[in-house]
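Enquirer: Sharing model26.pdb (PDB, C-alpha atoms) below.
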ATOM      1  CA  MET C   1     103.311 109.046  93.031
ATOM      2  CA  LEU C   2     101.240 110.406  95.861
ATOM      3  CA  VAL C   3     101.872 114.110  96.461
ATOM      4  CA  LEU C   4     100.874 115.614  99.811
ATOM      5  CA  THR C   5     101.060 119.135 101.161
ATOM      6  CA  ARG C   6     102.397 119.433 104.718
ATOM      7  CA  LYS C   7     103.455 122.367 106.870
ATOM      8  CA  LYS C   8     106.206 122.573 109.470
ATOM      9  CA  ASN C   9     105.645 120.079 112.326
ATOM     10  CA  GLU C  10     103.024 118.146 110.336
ATOM     11  CA  SER C  11     103.530 114.435 109.600
ATOM     12  CA  ILE C  12     102.475 111.562 107.425
ATOM     13  CA  ILE C  13     102.291 107.921 108.511
ATOM     14  CA  ILE C  14     103.345 105.023 106.278
ATOM     15  CA  ASN C  15     102.337 101.440 107.024
ATOM     16  CA  ASP C  16     101.414 102.092 110.690
ATOM     17  CA  ASN C  17     105.071 102.216 111.788
ATOM     18  CA  ILE C  18     106.885 104.930 109.818
ATOM     19  CA  GLU C  19     106.310 108.604 110.574
ATOM     20  CA  ILE C  20     107.728 111.359 108.379
ATOM     21  CA  THR C  21     107.645 114.848 109.891
ATOM     22  CA  ILE C  22     108.431 118.188 108.264
ATOM     23  CA  VAL C  23     110.997 119.662 110.653
ATOM     24  CA  ASP C  24     111.886 122.900 108.858
ATOM     25  CA  VAL C  25     111.432 124.707 105.551
ATOM     26  CA  GLN C  26     113.978 127.285 104.365
ATOM     27  CA  GLY C  27     113.608 128.487 100.798
ATOM     28  CA  GLU C  28     113.753 125.430  98.564
ATOM     29  CA  GLN C  29     115.169 123.146 101.259
ATOM     30  CA  VAL C  30     112.948 120.982 103.425
ATOM     31  CA  ARG C  31     114.272 119.171 106.512
ATOM     32  CA  ILE C  32     112.407 116.002 107.336
ATOM     33  CA  GLY C  33     112.537 113.689 110.313
ATOM     34  CA  ILE C  34     111.878 109.980 109.916
ATOM     35  CA  ASN C  35     110.785 107.785 112.802
ATOM     36  CA  ALA C  36     110.919 104.120 111.782
ATOM     37  CA  PRO C  37     111.814 100.741 113.281
ATOM     38  CA  LYS C  38     115.522  99.910 113.284
ATOM     39  CA  SER C  39     114.800  97.045 110.892
ATOM     40  CA  VAL C  40     113.850  99.558 108.166
ATOM     41  CA  SER C  41     116.767 100.790 106.057
ATOM     42  CA  ILE C  42     116.583 104.478 105.147
ATOM     43  CA  TYR C  43     118.931 106.025 102.561
ATOM     44  CA  ARG C  44     119.082 109.193 100.524
ATOM     45  CA  LYS C  45     118.277 108.157  96.960
ATOM     46  CA  GLU C  46     121.696 109.063  95.544
ATOM     47  CA  ILE C  47     123.420 106.931  98.194
ATOM     48  CA  PHE C  48     120.990 104.045  97.609
ATOM     49  CA  LEU C  49     121.758 104.103  93.872
ATOM     50  CA  GLU C  50     125.511 104.074  94.581
ATOM     51  CA  ILE C  51     125.101 101.073  96.891
ATOM     52  CA  GLN C  52     123.091  99.230  94.235
ATOM     53  CA  ALA C  53     125.725  99.942  91.575
ATOM     54  CA  GLU C  54     128.549  98.745  93.853
ATOM     55  CA  ASN C  55     126.622  95.593  94.768
ATOM     56  CA  LYS C  56     125.956  94.857  91.104
ATOM     57  CA  LYS C  57     129.625  95.406  90.289
ATOM     58  CA  ALA C  58     130.735  93.118  93.136
ATOM     59  CA  ALA C  59     128.331  90.387  92.035
ATOM     60  CA  GLU C  60     129.673  90.192  88.489
ATOM     61  CA  VAL C  61     131.233  86.812  87.838
ATOM     62  CA  LYS C  62     134.742  86.961  86.465
ATOM     63  CA  ASN C  63     136.355  84.039  84.698
ATOM     64  CA  VAL C  64     139.418  82.966  86.639
ATOM     65  CA  ASP C  65     141.793  80.268  85.514
ATOM     66  CA  LEU C  66     142.276  77.678  88.251
ATOM     67  CA  LYS C  67     146.011  77.650  87.532
ATOM     68  CA  ASP C  68     146.196  81.359  88.422
ATOM     69  CA  LEU C  69     144.551  80.671  91.795
ATOM     70  CA  LEU C  70     147.051  77.912  92.641
ATOM     71  CA  LYS C  71     150.142  80.049  92.014
TER      72      LYS C  71
END
Would you mind writing the structure in this file as structure tokens?
Expert:
Amino acid sequence: MLVLTRKKNESIIINDNIEITIVDVQGEQVRIGINAPKSVSIYRKEIFLEIQAENKKAAEVKNVDLKDLLK
């Protein structure tokens, strides 16, 4: 993991097209702004993990008897 120190209104650039800016710092909370192309998906980690779990759950193959489908 790369750890950088930034102050309010300072930024970092990722891959020439994503800019992350420190918008505000209040106590232990940091507000960040992310400027990225619309094709880049951006999620909070806890939401991303929930989406992955739901996708995995939806992809599980369940054995279904053909007779039950034809009822």
Enquirer: By how many Å are CA of Asn35 in chain C and CA of Asn17 in chain C apart?
Expert: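 Separation between CA of Asn35 in chain C and CA of Asn17 in chain C: 8.0 Å.
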Enquirer: List every protein, DNA or RNA residue with an atom no more than 7 Å from (103.9, 111.1, 101.4) in the file's coordinates, counting only C-alpha atoms, and format the result as a list in words.
Expert: Leu2, Val3, Leu4 and Ile12 of chain C
Enquirer: Report, in Å with one decimal, the straight-line distance from CA of Arg6 in chain C to CA of Ile42 in chain C.
Expert: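 Value for the CA of Arg6 in chain C-CA of Ile42 in chain C distance: 20.6 Å.
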Enquirer: Which residue is closest to Arg31 in chain C? Choose from C:Lys67, C:Met1, C:Val61, C:Lys8 and count only C-alpha atoms.
Expert: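 The shortest atom-to-atom distance to Arg31 in chain C comes from C:Lys8.
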Enquirer: Just give me the gap between CA of Ala36 in chain C and CA of Ala53 in chain C in Å, one decimal is fine.
Expert: 25.4 Å
Enquirer: Can you work out which one of C:Lys7, C:Ile32, C:Leu49, C:Glu60 has the shortest atom-to-atom distance to Glu19 in chain C, counting only C-alpha atoms?
Expert: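 Looking only at the distances to Glu19 in chain C, the closest residue turns out to be C:Ile32.
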Enquirer: For Glu10 in chain C, which of C:Asp65, C:Asp24, C:Glu54, C:Glu46 is the closest residue, counting all atoms listed in the file?
Expert: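 Once distances to Glu10 in chain C are computed over all atoms listed in the file, the minimum belongs to C:Asp24.
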